[in-house]
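Asker: Sending over a structure as structure tokens; questions will come in a sec.
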Amino acid sequence: MALFHVEFFSEVLGLSSSIDVLVPQRKKGQIGIKVGRFEPPYPVLYLLHGGSDNHTNWQRNTSIERYVADLGLVVVMPTVQYSFYTDQKYGFNYFTYLSQELPQIVQEFFHVSDQREDTFAAGLSMGGYGAFKLGISCYNKFAAVASLSGSIDQRDRLTMKPSIENQIMLQMARNTFGSYEDYDRSDNDLAWLMEKNLAKGVKLPKFYQACGTKDHNYQVNVEFYRRFKDQVDLTYEELPDRGHDWGFWDEYIQHVLKWLPIRKSWN
């Protein structure tokens, strides 16, 4: 694999932004890494960070480069601050950036496919919300989306009582989503948006969820699974006594990569 650190200007955000990108490389003799021969255009995975992280954390805390070395897959890791990958009520249009501008930039810079069947998203915590939002909102662009410990419902954040401990989280939620009333039954309300799209009969992507039973997001993940397991192609895994931590995410991103419907012609 080759690792690119890319700095560029975003017209949507009106500021300079960063992505890290893993790209398949034809090579011989790299010790400890499987050799693969792949032809572009490559399938692409948008791998999304959590609320306290940025575009570097997947590399710093997992072995993602080693895990994708023999898949012929481009992995794009953007940074979006604490925005929940959303066009913020008071802030920046990060969802427009992620869903419209960034794919065009990636296609210009790298040899990636523009086909739905070759386009995927995955993320942890806040990034799990972002991945599911991409899959539900941009169902015609993504074949599969995965959430690890996903913060896929924001009602608890928007109704929490202010305190010194939760001041940053509460401010983030209000800046991003506005009030509870702004969020409820809006396009940021993933379950409501899923129901709306199901009623329209659209072709939704495949969904994957994984969460530890001691994770603070466990209950919202269980509720989402129970609500939609019979209506969409939804794979669910949970691990007893595991929490919100990189040990879990490093393990389960490997499950995600095995689950992704990467076309056999790439291998």
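Residues in the structure tokens are named by chain (A, B, ... in the order shown) and by number from 1 within that chain; ligands are numbered from 1 in the order shown.
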Leaving out Tyr236 of chain A and any residue of its chain fewer than 3 positions from it, which residues lie within 7 Å of it when counting only C-alpha atoms, given as a list in words?
Answerer: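 Those residues are Tyr208, Gln209 and Ala210 of chain A.
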Asker: Counting only C-alpha atoms, figure out which residue out of A:Ala143, A:Val76, A:Leu102, A:Val68 gets nearest to Phe9 of chain A.
Answerer: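 Between A:Ala143, A:Val76, A:Leu102, A:Val68, the residue approaching Phe9 of chain A most closely is A:Leu102.
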Asker: In segment 8-238 of chain A, what's helix (DSSP H, G or I) per DSSP? Answer as a ChimeraX atom specification?
Answerer: /A:57-61,64-67,94-109,116-118,126-137,155-159,167-177,180-183,190-200,218-228
Asker: Please list as a PDB file with N, CA and C atoms, in the first residue's frame every residue within 10 Å of Leu124 of chain A, counting only C-alpha atoms and excluding residues in the same chain fewer than 3 positions away.
Answerer:
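Result went into result.pdb, see below:
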```pdb
ATOM      1  N   LEU A  47     -13.577   5.895   5.350  1.00  0.00           N
ATOM      2  CA  LEU A  47     -13.431   5.408   6.721  1.00  0.00           C
ATOM      3  C   LEU A  47     -13.447   6.617   7.659  1.00  0.00           C
ATOM      4  N   LEU A  48     -14.488   6.711   8.493  1.00  0.00           N
ATOM      5  CA  LEU A  48     -14.805   7.937   9.207  1.00  0.00           C
ATOM      6  C   LEU A  48     -14.410   7.856  10.681  1.00  0.00           C
ATOM      7  N   HIS A  49     -13.851   8.958  11.174  1.00  0.00           N
ATOM      8  CA  HIS A  49     -13.358   9.004  12.552  1.00  0.00           C
ATOM      9  C   HIS A  49     -14.465   9.344  13.543  1.00  0.00           C
ATOM     10  N   GLY A  50     -14.143   9.204  14.834  1.00  0.00           N
ATOM     11  CA  GLY A  50     -15.067   9.523  15.910  1.00  0.00           C
ATOM     12  C   GLY A  50     -14.967  10.974  16.347  1.00  0.00           C
ATOM     13  N   GLY A  51     -15.768  11.346  17.355  1.00  0.00           N
ATOM     14  CA  GLY A  51     -15.923  12.726  17.747  1.00  0.00           C
ATOM     15  C   GLY A  51     -14.668  13.394  18.267  1.00  0.00           C
ATOM     16  N   TRP A  58      -7.454   6.385  12.670  1.00  0.00           N
ATOM     17  CA  TRP A  58      -7.578   4.985  12.244  1.00  0.00           C
ATOM     18  C   TRP A  58      -6.201   4.365  12.013  1.00  0.00           C
ATOM     19  N   GLY A 127     -18.469   8.521  13.619  1.00  0.00           N
ATOM     20  CA  GLY A 127     -18.281   8.060  12.247  1.00  0.00           C
ATOM     21  C   GLY A 127     -19.268   6.984  11.843  1.00  0.00           C
ATOM     22  N   GLY A 128     -19.755   6.205  12.820  1.00  0.00           N
ATOM     23  CA  GLY A 128     -20.810   5.243  12.527  1.00  0.00           C
ATOM     24  C   GLY A 128     -22.096   5.935  12.136  1.00  0.00           C
ATOM     25  N   TYR A 129     -22.403   7.022  12.832  1.00  0.00           N
ATOM     26  CA  TYR A 129     -23.541   7.854  12.441  1.00  0.00           C
ATOM     27  C   TYR A 129     -23.336   8.380  11.016  1.00  0.00           C
ATOM     28  N   GLY A 130     -22.125   8.892  10.736  1.00  0.00           N
ATOM     29  CA  GLY A 130     -21.847   9.436   9.411  1.00  0.00           C
ATOM     30  C   GLY A 130     -21.967   8.398   8.310  1.00  0.00           C
ATOM     31  N   ALA A 131     -21.464   7.189   8.558  1.00  0.00           N
ATOM     32  CA  ALA A 131     -21.534   6.135   7.551  1.00  0.00           C
ATOM     33  C   ALA A 131     -22.983   5.745   7.262  1.00  0.00           C
ATOM     34  N   ALA A 146     -21.127   0.618   7.219  1.00  0.00           N
ATOM     35  CA  ALA A 146     -20.906  -0.093   8.477  1.00  0.00           C
ATOM     36  C   ALA A 146     -20.688   0.883   9.618  1.00  0.00           C
ATOM     37  N   SER A 147     -21.239   0.532  10.773  1.00  0.00           N
ATOM     38  CA  SER A 147     -21.135   1.353  11.975  1.00  0.00           C
ATOM     39  C   SER A 147     -20.589   0.519  13.120  1.00  0.00           C
ATOM     40  N   LEU A 148     -19.501   0.988  13.732  1.00  0.00           N
ATOM     41  CA  LEU A 148     -18.940   0.360  14.921  1.00  0.00           C
ATOM     42  C   LEU A 148     -19.211   1.270  16.117  1.00  0.00           C
ATOM     43  N   SER A 149     -19.938   0.758  17.102  1.00  0.00           N
ATOM     44  CA  SER A 149     -20.290   1.545  18.297  1.00  0.00           C
ATOM     45  C   SER A 149     -20.949   2.858  17.911  1.00  0.00           C
ATOM     46  N   GLY A 150     -21.795   2.826  16.911  1.00  0.00           N
ATOM     47  CA  GLY A 150     -22.302   4.045  16.309  1.00  0.00           C
ATOM     48  C   GLY A 150     -23.191   4.886  17.213  1.00  0.00           C
ATOM     49  N   SER A 151     -22.956   6.195  17.192  1.00  0.00           N
ATOM     50  CA  SER A 151     -23.834   7.151  17.877  1.00  0.00           C
ATOM     51  C   SER A 151     -24.977   7.497  16.922  1.00  0.00           C
ATOM     52  N   ALA A 210     -21.956  -3.181  14.729  1.00  0.00           N
ATOM     53  CA  ALA A 210     -21.301  -3.936  15.795  1.00  0.00           C
ATOM     54  C   ALA A 210     -21.149  -3.023  16.998  1.00  0.00           C
ATOM     55  N   CYS A 211     -21.357  -3.588  18.185  1.00  0.00           N
ATOM     56  CA  CYS A 211     -21.264  -2.785  19.406  1.00  0.00           C
ATOM     57  C   CYS A 211     -20.999  -3.714  20.586  1.00  0.00           C
ATOM     58  N   HIS A 244     -16.350   1.141  24.676  1.00  0.00           N
ATOM     59  CA  HIS A 244     -16.120   2.108  23.604  1.00  0.00           C
ATOM     60  C   HIS A 244     -14.620   2.331  23.499  1.00  0.00           C
ATOM     61  N   ASP A 245     -13.919   1.452  22.775  1.00  0.00           N
ATOM     62  CA  ASP A 245     -12.454   1.516  22.817  1.00  0.00           C
ATOM     63  C   ASP A 245     -11.836   0.971  21.533  1.00  0.00           C
ATOM     64  N   TRP A 246     -10.558   1.338  21.327  1.00  0.00           N
ATOM     65  CA  TRP A 246      -9.860   0.982  20.091  1.00  0.00           C
ATOM     66  C   TRP A 246      -9.583  -0.510  19.971  1.00  0.00           C
ATOM     67  N   TRP A 249     -12.608  -1.661  18.154  1.00  0.00           N
ATOM     68  CA  TRP A 249     -12.687  -1.163  16.775  1.00  0.00           C
ATOM     69  C   TRP A 249     -11.609  -1.780  15.890  1.00  0.00           C
ATOM     70  N   ILE A 253     -13.153  -3.796  12.741  1.00  0.00           N
ATOM     71  CA  ILE A 253     -12.964  -3.292  11.372  1.00  0.00           C
ATOM     72  C   ILE A 253     -12.531  -4.440  10.467  1.00  0.00           C
TER      73      ILE A 253
END
```
Asker: I'd like the neighbourhood of Leu3 of chain A as a PDB file with all heavy atoms, in the first residue's frame, where a residue qualifies if any of its atoms comes within 7 Å (using only C-alpha atoms), though same-chain residues fewer than 6 positions away should be ignored.
Answerer:
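Generated output (around.pdb):
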```pdb
ATOM      1  N   VAL A  21      -5.039   8.890   2.644  1.00  0.00           N
ATOM      2  CA  VAL A  21      -5.560   7.916   1.688  1.00  0.00           C
ATOM      3  C   VAL A  21      -4.589   6.753   1.554  1.00  0.00           C
ATOM      4  O   VAL A  21      -3.391   6.959   1.322  1.00  0.00           O
ATOM      5  CB  VAL A  21      -5.796   8.559   0.298  1.00  0.00           C
ATOM      6  CG1 VAL A  21      -6.464   7.563  -0.639  1.00  0.00           C
ATOM      7  CG2 VAL A  21      -6.634   9.825   0.418  1.00  0.00           C
ATOM      8  N   LEU A  22      -5.101   5.544   1.695  1.00  0.00           N
ATOM      9  CA  LEU A  22      -4.342   4.330   1.419  1.00  0.00           C
ATOM     10  C   LEU A  22      -4.697   3.847   0.012  1.00  0.00           C
ATOM     11  O   LEU A  22      -5.878   3.725  -0.320  1.00  0.00           O
ATOM     12  CB  LEU A  22      -4.681   3.244   2.440  1.00  0.00           C
ATOM     13  CG  LEU A  22      -4.281   3.526   3.882  1.00  0.00           C
ATOM     14  CD1 LEU A  22      -4.905   2.499   4.823  1.00  0.00           C
ATOM     15  CD2 LEU A  22      -2.758   3.519   4.024  1.00  0.00           C
ATOM     16  N   VAL A  23      -3.675   3.573  -0.790  1.00  0.00           N
ATOM     17  CA  VAL A  23      -3.875   3.215  -2.193  1.00  0.00           C
ATOM     18  C   VAL A  23      -3.113   1.926  -2.494  1.00  0.00           C
ATOM     19  O   VAL A  23      -1.949   1.787  -2.088  1.00  0.00           O
ATOM     20  CB  VAL A  23      -3.384   4.346  -3.123  1.00  0.00           C
ATOM     21  CG1 VAL A  23      -3.569   3.968  -4.584  1.00  0.00           C
ATOM     22  CG2 VAL A  23      -4.132   5.643  -2.810  1.00  0.00           C
TER      23      VAL A  23
END
```
Asker: Can you pull out every residue within 6 Å of Leu45 of chain A, counting only C-alpha atoms, but drop anything in the same chain fewer than 4 positions away, and send it as JSON, numbers by chain?
Answerer: {"A": [75, 120, 121]}
Asker: Quick one: write out the picked residues with N, CA and C atoms as a tab-separated table (two decimals), in the first residue's frame?
Answerer:
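Contents of the output file result.tsv:
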```tsv
chain	number	residue	atom	x	y	z
A	75	VAL	N	-8.66	3.44	0.60
A	75	VAL	CA	-9.29	3.84	1.86
A	75	VAL	C	-9.07	5.34	2.06
A	120	PHE	N	-18.14	2.32	-0.57
A	120	PHE	CA	-18.53	1.90	0.77
A	120	PHE	C	-18.17	2.99	1.78
A	121	ALA	N	-18.80	2.92	2.95
A	121	ALA	CA	-18.46	3.81	4.06
A	121	ALA	C	-18.52	3.04	5.36
```
Asker: Mind the document's chain letters and residue numbers, and return as number ranges by chain the residues of segment 44-177 of chain A that DSSP labels strand (DSSP E or B).
Answerer: A: 44-48, 74-78, 87, 93, 112, 119-124, 144-148
Asker: Save the residues we just selected, N, CA, C and O atoms, as a JSON list (two decimals), in the first residue's frame?
Answerer:
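After the write, selection.json holds the following:
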```json
[["chain", "number", "residue", "atom", "x", "y", "z"],
["A", 44, "VAL", "N", -13.63, 1.87, -3.33],
["A", 44, "VAL", "CA", -13.21, 2.87, -2.36],
["A", 44, "VAL", "C", -14.04, 2.76, -1.08],
["A", 44, "VAL", "O", -15.26, 2.57, -1.12],
["A", 45, "LEU", "N", -13.36, 2.86, 0.05],
["A", 45, "LEU", "CA", -13.99, 2.88, 1.36],
["A", 45, "LEU", "C", -13.71, 4.21, 2.03],
["A", 45, "LEU", "O", -12.55, 4.59, 2.22],
["A", 46, "TYR", "N", -14.76, 4.94, 2.39],
["A", 46, "TYR", "CA", -14.64, 6.15, 3.18],
["A", 46, "TYR", "C", -14.70, 5.74, 4.65],
["A", 46, "TYR", "O", -15.74, 5.27, 5.13],
["A", 47, "LEU", "N", -13.58, 5.89, 5.35],
["A", 47, "LEU", "CA", -13.43, 5.41, 6.72],
["A", 47, "LEU", "C", -13.45, 6.62, 7.66],
["A", 47, "LEU", "O", -12.52, 7.44, 7.64],
["A", 48, "LEU", "N", -14.49, 6.71, 8.49],
["A", 48, "LEU", "CA", -14.81, 7.94, 9.21],
["A", 48, "LEU", "C", -14.41, 7.86, 10.68],
["A", 48, "LEU", "O", -14.64, 6.85, 11.36],
["A", 74, "VAL", "N", -9.04, 1.28, -2.11],
["A", 74, "VAL", "CA", -8.59, 2.60, -1.68],
["A", 74, "VAL", "C", -9.38, 2.97, -0.42],
["A", 74, "VAL", "O", -10.60, 2.81, -0.37],
["A", 75, "VAL", "N", -8.66, 3.44, 0.60],
["A", 75, "VAL", "CA", -9.29, 3.84, 1.86],
["A", 75, "VAL", "C", -9.07, 5.34, 2.06],
["A", 75, "VAL", "O", -7.93, 5.80, 2.12],
["A", 76, "VAL", "N", -10.17, 6.08, 2.14],
["A", 76, "VAL", "CA", -10.11, 7.53, 2.29],
["A", 76, "VAL", "C", -10.53, 7.89, 3.71],
["A", 76, "VAL", "O", -11.63, 7.54, 4.15],
["A", 77, "MET", "N", -9.65, 8.60, 4.42],
["A", 77, "MET", "CA", -9.91, 8.98, 5.82],
["A", 77, "MET", "C", -9.96, 10.50, 5.91],
["A", 77, "MET", "O", -8.91, 11.15, 5.93],
["A", 78, "PRO", "N", -11.16, 11.08, 5.93],
["A", 78, "PRO", "CA", -11.29, 12.54, 6.00],
["A", 78, "PRO", "C", -11.29, 13.04, 7.45],
["A", 78, "PRO", "O", -11.35, 12.25, 8.40],
["A", 87, "ASP", "N", -24.53, 18.86, 7.80],
["A", 87, "ASP", "CA", -24.64, 20.29, 7.51],
["A", 87, "ASP", "C", -25.15, 20.96, 8.78],
["A", 87, "ASP", "O", -26.34, 20.87, 9.12],
["A", 93, "ASN", "N", -21.03, 23.06, 6.33],
["A", 93, "ASN", "CA", -21.81, 22.05, 5.61],
["A", 93, "ASN", "C", -20.97, 20.79, 5.37],
["A", 93, "ASN", "O", -20.58, 20.48, 4.25],
["A", 112, "VAL", "N", -10.16, 5.79, -8.55],
["A", 112, "VAL", "CA", -11.22, 5.06, -7.87],
["A", 112, "VAL", "C", -12.45, 4.96, -8.77],
["A", 112, "VAL", "O", -12.70, 5.82, -9.62],
["A", 119, "THR", "N", -18.48, 1.37, -3.92],
["A", 119, "THR", "CA", -18.34, 2.50, -3.00],
["A", 119, "THR", "C", -18.94, 2.14, -1.64],
["A", 119, "THR", "O", -20.11, 1.74, -1.56],
["A", 120, "PHE", "N", -18.14, 2.32, -0.57],
["A", 120, "PHE", "CA", -18.53, 1.90, 0.77],
["A", 120, "PHE", "C", -18.17, 2.99, 1.78],
["A", 120, "PHE", "O", -17.32, 3.85, 1.53],
["A", 121, "ALA", "N", -18.80, 2.92, 2.95],
["A", 121, "ALA", "CA", -18.46, 3.81, 4.06],
["A", 121, "ALA", "C", -18.52, 3.04, 5.36],
["A", 121, "ALA", "O", -19.37, 2.14, 5.52],
["A", 122, "ALA", "N", -17.64, 3.37, 6.28],
["A", 122, "ALA", "CA", -17.63, 2.76, 7.61],
["A", 122, "ALA", "C", -17.08, 3.78, 8.58],
["A", 122, "ALA", "O", -16.34, 4.69, 8.20],
["A", 123, "GLY", "N", -17.43, 3.63, 9.85],
["A", 123, "GLY", "CA", -16.91, 4.55, 10.84],
["A", 123, "GLY", "C", -17.20, 4.08, 12.24],
["A", 123, "GLY", "O", -17.99, 3.16, 12.47],
["A", 124, "LEU", "N", -16.56, 4.72, 13.21],
["A", 124, "LEU", "CA", -16.76, 4.39, 14.61],
["A", 124, "LEU", "C", -17.42, 5.56, 15.34],
["A", 124, "LEU", "O", -17.14, 6.72, 15.05],
["A", 144, "ALA", "N", -22.66, -0.48, 0.51],
["A", 144, "ALA", "CA", -22.64, -1.04, 1.87],
["A", 144, "ALA", "C", -22.06, 0.00, 2.82],
["A", 144, "ALA", "O", -21.11, 0.71, 2.48],
["A", 145, "VAL", "N", -22.63, 0.05, 4.03],
["A", 145, "VAL", "CA", -22.16, 0.98, 5.06],
["A", 145, "VAL", "C", -22.11, 0.26, 6.39],
["A", 145, "VAL", "O", -22.96, -0.60, 6.68],
["A", 146, "ALA", "N", -21.13, 0.62, 7.22],
["A", 146, "ALA", "CA", -20.91, -0.09, 8.48],
["A", 146, "ALA", "C", -20.69, 0.88, 9.62],
["A", 146, "ALA", "O", -20.02, 1.90, 9.46],
["A", 147, "SER", "N", -21.24, 0.53, 10.77],
["A", 147, "SER", "CA", -21.14, 1.35, 11.98],
["A", 147, "SER", "C", -20.59, 0.52, 13.12],
["A", 147, "SER", "O", -21.15, -0.53, 13.47],
["A", 148, "LEU", "N", -19.50, 0.99, 13.73],
["A", 148, "LEU", "CA", -18.94, 0.36, 14.92],
["A", 148, "LEU", "C", -19.21, 1.27, 16.12],
["A", 148, "LEU", "O", -18.79, 2.42, 16.13]]
```
Asker: Which residues are near Asp250 of chain A? Cut-off 9 Å, only C-alpha atoms, ignore same chain within fewer than 6 positions. Put them as a ChimeraX atom specification.
Answerer: /A:58,61-64
Asker: I need the chosen residues saved as an mmCIF file, in the first residue's frame, with all heavy atoms.
Answerer:
```cif
data_model
loop_
_atom_site.group_PDB
_atom_site.id
_atom_site.type_symbol
_atom_site.label_atom_id
_atom_site.label_comp_id
_atom_site.auth_asym_id
_atom_site.auth_seq_id
_atom_site.Cartn_x
_atom_site.Cartn_y
_atom_site.Cartn_z
ATOM 1 N N TRP A 58 -7.454 6.385 12.670
ATOM 2 C CA TRP A 58 -7.578 4.985 12.244
ATOM 3 C C TRP A 58 -6.201 4.365 12.013
ATOM 4 O O TRP A 58 -5.978 3.197 12.334
ATOM 5 C CB TRP A 58 -8.418 4.892 10.973
ATOM 6 C CG TRP A 58 -9.888 4.800 11.229
ATOM 7 C CD1 TRP A 58 -10.827 5.772 11.047
ATOM 8 C CD2 TRP A 58 -10.599 3.659 11.730
ATOM 9 N NE1 TRP A 58 -12.080 5.314 11.401
ATOM 10 C CE2 TRP A 58 -11.970 4.014 11.818
ATOM 11 C CE3 TRP A 58 -10.215 2.374 12.106
ATOM 12 C CZ2 TRP A 58 -12.955 3.131 12.273
ATOM 13 C CZ3 TRP A 58 -11.195 1.484 12.557
ATOM 14 C CH2 TRP A 58 -12.536 1.863 12.629
ATOM 15 N N ASN A 61 -4.232 3.992 15.589
ATOM 16 C CA ASN A 61 -4.769 3.104 16.616
ATOM 17 C C ASN A 61 -5.188 1.726 16.122
ATOM 18 O O ASN A 61 -5.610 0.892 16.927
ATOM 19 C CB ASN A 61 -5.969 3.784 17.286
ATOM 20 C CG ASN A 61 -5.568 5.022 18.050
ATOM 21 O OD1 ASN A 61 -4.868 4.959 19.058
ATOM 22 N ND2 ASN A 61 -5.995 6.177 17.557
ATOM 23 N N THR A 62 -5.108 1.489 14.816
ATOM 24 C CA THR A 62 -5.387 0.160 14.270
ATOM 25 C C THR A 62 -4.322 -0.190 13.234
ATOM 26 O O THR A 62 -3.478 0.630 12.895
ATOM 27 C CB THR A 62 -6.770 0.096 13.575
ATOM 28 O OG1 THR A 62 -6.696 0.750 12.295
ATOM 29 C CG2 THR A 62 -7.856 0.741 14.410
ATOM 30 N N SER A 63 -4.418 -1.399 12.711
ATOM 31 C CA SER A 63 -3.538 -1.841 11.623
ATOM 32 C C SER A 63 -4.278 -1.824 10.301
ATOM 33 O O SER A 63 -4.144 -2.744 9.486
ATOM 34 C CB SER A 63 -2.988 -3.240 11.926
ATOM 35 O OG SER A 63 -2.149 -3.230 13.056
ATOM 36 N N ILE A 64 -5.050 -0.772 10.055
ATOM 37 C CA ILE A 64 -5.902 -0.718 8.870
ATOM 38 C C ILE A 64 -5.114 -0.899 7.588
ATOM 39 O O ILE A 64 -5.572 -1.571 6.660
ATOM 40 C CB ILE A 64 -6.726 0.601 8.850
ATOM 41 C CG1 ILE A 64 -7.699 0.612 7.670
ATOM 42 C CG2 ILE A 64 -5.818 1.823 8.831
ATOM 43 C CD1 ILE A 64 -8.772 -0.443 7.733
#
```
Asker: Mind pulling up the distance from atom CA of Ile152 of chain A to atom CA of Ser125 of chain A?
Answerer: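 One can read the atom CA of Ser125 of chain A to atom CA of Ile152 of chain A distance as 8.0 Å.
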Asker: Quick one: residues within 12 Å of Leu190 of chain A, only C-alpha atoms, excluding same-chain residues fewer than 2 positions away - as an NGL selection string?
Answerer: :A and (86 or 128-137 or 150-155 or 183-188 or 192-197 or 220-221 or 224 or 227-228)
Asker: When you draw a straight line from atom CA of Ile168 of chain A to atom CA of Tyr82 of chain A, how long is it in Å?
Answerer: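 We find that atom CA of Ile168 of chain A and atom CA of Tyr82 of chain A lie 9.9 Å from each other.
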Asker: Please compute the atom CA of Glu251 of chain A-atom CA of Lys206 of chain A distance, one decimal, in Å.
Answerer: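 Atom CA of Lys206 of chain A lies at a distance of 20.4 Å from atom CA of Glu251 of chain A.
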